Amino acid sequence: MGKALTDNFTPARHVFEEVDDALGEKLSATIWEGPADKLTLTENAQPALMAVSLAVVRVLEAEADLDLKKEARFVAGHSLGEYSALAAAGAFSLSDAARLLRTRGRAMQQAVPVGTGAMAALIGLDLAQVAALAADAAQGEICQAANDNGGGQVVVSGNKAAVERAMEMAKAKGAKRAILLPVSAPFHCALMQPAAEVMAEALDKVTVNVPAVPVVANVLAKPIADPAEIVRRLVEQVTGTVRWRESVMFMAQAGVETFYELGAGKVLGGLIKRIAEGANGISVGTPEDVKAFVDART
């Protein structure tokens, strides 16, 4: 993940070096050499994914003269990706983004004892249906819609027993599938409140700038640019629903036709095509993708 970029582009290597320096350890070595179980710890995975995204941004700035301020209407990111989007737009320094995501990952992992919580993807129901059945499934525990990903996929999060009840209810209501997710903690639900408090304190200690491009906030599905509101919404995001489907629809309705997914993987690019009819979702994460991006601009 990101290794080919660093082998081919100096700006990418500089991003990973800066992240390593900010964290006081060679996260880059874990990304490229493993072990996999160490990389998948959320305290490592979150800054790692951000580093890859920012490496792509820096490479495109150098190789293709990308200027987000001039060329992008909005930036957005899914969950931890919101930090990547904010860093790309200059709201956070790269070093601060890395440290914040290390703190965020650690706090989210520690908020709930292992085995207490769970998350499940419900396929074939919409957000309103899932929100209603999650409330019914709670039965005094926590169960809520965590991610509205689009394409008929909504994720629920909360106490393990409540999530399992939601899965059974979803099947009874006609869900095509209900899949327990292999996650280490129940993200984006009220059980994460201890982590939200940690992030409020951490964000209070960093400089937040007005982003060069408005960020479409996960919890609002609309753009914001005020630094104080950015902080407030990032804290809310820890326990709140990631409104990705609505965020993409907002951007599409505002006239955005082409969405670029910068970083590792192609999941969001695929979702965008299913959410916004006629939208073009392009993923850029490899040297080949960078070449295609450059060639398309010449």
# chains A, B, ... in the order shown; residues from 1 in each chain; ligands from 1

$ select_by_dssp --residues "range 90-164 of chain A" --states "strand (DSSP E)" --output "PDB file with C-alpha atoms, in the first residue's frame"
ATOM      1  CA  GLY A 117     -19.662  -4.377  20.556  1.00  0.00           C
ATOM      2  CA  ALA A 118     -20.207  -5.302  16.916  1.00  0.00           C
ATOM      3  CA  MET A 119     -21.023  -3.870  13.493  1.00  0.00           C
ATOM      4  CA  ALA A 120     -23.072  -5.405  10.693  1.00  0.00           C
ATOM      5  CA  ALA A 121     -23.747  -4.444   7.092  1.00  0.00           C
ATOM      6  CA  LEU A 122     -27.406  -4.645   6.110  1.00  0.00           C
ATOM      7  CA  ILE A 123     -27.886  -4.948   2.348  1.00  0.00           C
ATOM      8  CA  CYS A 143     -27.830   0.027  18.317  1.00  0.00           C
ATOM      9  CA  GLN A 144     -27.787   2.695  15.633  1.00  0.00           C
ATOM     10  CA  ALA A 145     -27.077   3.327  11.976  1.00  0.00           C
ATOM     11  CA  ALA A 146     -23.338   3.936  11.746  1.00  0.00           C
ATOM     12  CA  ASN A 147     -22.642   4.261   8.013  1.00  0.00           C
ATOM     13  CA  ASP A 148     -25.080   5.057   5.216  1.00  0.00           C
ATOM     14  CA  ASN A 149     -22.726   3.932   2.462  1.00  0.00           C
ATOM     15  CA  GLY A 150     -25.116   4.022  -0.466  1.00  0.00           C
ATOM     16  CA  GLN A 153     -25.767  -0.743   2.168  1.00  0.00           C
ATOM     17  CA  VAL A 154     -26.291   0.609   5.677  1.00  0.00           C
ATOM     18  CA  VAL A 155     -24.088  -0.462   8.597  1.00  0.00           C
ATOM     19  CA  VAL A 156     -25.375  -0.748  12.166  1.00  0.00           C
ATOM     20  CA  SER A 157     -23.181  -0.499  15.241  1.00  0.00           C
ATOM     21  CA  GLY A 158     -23.649  -1.048  18.975  1.00  0.00           C
ATOM     22  CA  ASN A 159     -23.757  -3.716  21.642  1.00  0.00           C
TER      23      ASN A 159
END

$ residues_around --residues "range 234-241 of chain A" --least-positions-apart "4" --cutoff "6 Å" --atoms "only C-alpha atoms" --output "PyMOL selection string"
chain A and resi 146-147+188-190+192+196+200+219

$ closest_residue --among "A:Pro182, A:Gly263, A:Arg245, A:Val75" --to "Leu54 in chain A" --atoms "only C-alpha atoms"
A:Gly263

$ residues_around --residues "range 275-282 of chain A" --least-positions-apart "2" --cutoff "6 Å" --atoms "only C-alpha atoms" --output "list of chain:residue names"
A:Gly150, A:Gly151, A:Glu257, A:Thr258, A:Phe259, A:Tyr260, A:Gly269, A:Ile272, A:Lys273

$ residues_around --residues "Val206 in chain A" --least-positions-apart "4" --cutoff "10 Å" --atoms "only C-alpha atoms" --output "number ranges by chain"
A: 92-93, 96-97, 99-100, 201-202, 231

$ decode --residues "range 82-99 of chain A" --atoms "N, CA and C atoms" --output "JSON list (two decimals), in the first residue's frame"
[["chain", "number", "residue", "atom", "x", "y", "z"],
["A", 82, "GLU", "N", -12.20, 11.71, 6.33],
["A", 82, "GLU", "CA", -12.49, 13.13, 6.48],
["A", 82, "GLU", "C", -11.24, 13.89, 6.92],
["A", 83, "TYR", "N", -10.41, 13.24, 7.74],
["A", 83, "TYR", "CA", -9.14, 13.86, 8.15],
["A", 83, "TYR", "C", -8.21, 13.97, 6.94],
["A", 84, "SER", "N", -8.19, 12.96, 6.09],
["A", 84, "SER", "CA", -7.37, 13.00, 4.88],
["A", 84, "SER", "C", -7.81, 14.16, 3.98],
["A", 85, "ALA", "N", -9.13, 14.30, 3.82],
["A", 85, "ALA", "CA", -9.66, 15.37, 2.99],
["A", 85, "ALA", "C", -9.29, 16.74, 3.55],
["A", 86, "LEU", "N", -9.40, 16.88, 4.86],
["A", 86, "LEU", "CA", -9.06, 18.15, 5.50],
["A", 86, "LEU", "C", -7.58, 18.46, 5.37],
["A", 87, "ALA", "N", -6.74, 17.43, 5.51],
["A", 87, "ALA", "CA", -5.30, 17.65, 5.36],
["A", 87, "ALA", "C", -4.96, 18.02, 3.91],
["A", 88, "ALA", "N", -5.61, 17.36, 2.96],
["A", 88, "ALA", "CA", -5.37, 17.68, 1.55],
["A", 88, "ALA", "C", -5.73, 19.13, 1.25],
["A", 89, "ALA", "N", -6.77, 19.63, 1.92],
["A", 89, "ALA", "CA", -7.22, 21.01, 1.69],
["A", 89, "ALA", "C", -6.53, 22.02, 2.59],
["A", 90, "GLY", "N", -5.56, 21.56, 3.40],
["A", 90, "GLY", "CA", -4.77, 22.48, 4.20],
["A", 90, "GLY", "C", -5.36, 22.86, 5.54],
["A", 91, "ALA", "N", -6.45, 22.22, 5.95],
["A", 91, "ALA", "CA", -7.02, 22.54, 7.26],
["A", 91, "ALA", "C", -6.13, 22.02, 8.39],
["A", 92, "PHE", "N", -5.52, 20.86, 8.16],
["A", 92, "PHE", "CA", -4.56, 20.27, 9.10],
["A", 92, "PHE", "C", -3.21, 20.15, 8.41],
["A", 93, "SER", "N", -2.14, 20.26, 9.19],
["A", 93, "SER", "CA", -0.84, 19.85, 8.67],
["A", 93, "SER", "C", -0.82, 18.33, 8.57],
["A", 94, "LEU", "N", 0.05, 17.81, 7.73],
["A", 94, "LEU", "CA", 0.20, 16.35, 7.59],
["A", 94, "LEU", "C", 0.57, 15.72, 8.93],
["A", 95, "SER", "N", 1.48, 16.35, 9.65],
["A", 95, "SER", "CA", 1.93, 15.80, 10.94],
["A", 95, "SER", "C", 0.80, 15.77, 11.95],
["A", 96, "ASP", "N", 0.03, 16.85, 12.01],
["A", 96, "ASP", "CA", -1.09, 16.88, 12.95],
["A", 96, "ASP", "C", -2.14, 15.83, 12.58],
["A", 97, "ALA", "N", -2.41, 15.67, 11.28],
["A", 97, "ALA", "CA", -3.38, 14.67, 10.85],
["A", 97, "ALA", "C", -2.94, 13.27, 11.27],
["A", 98, "ALA", "N", -1.66, 12.98, 11.13],
["A", 98, "ALA", "CA", -1.14, 11.66, 11.52],
["A", 98, "ALA", "C", -1.30, 11.44, 13.02],
["A", 99, "ARG", "N", -0.93, 12.45, 13.81],
["A", 99, "ARG", "CA", -1.03, 12.30, 15.27],
["A", 99, "ARG", "C", -2.49, 12.21, 15.72]]
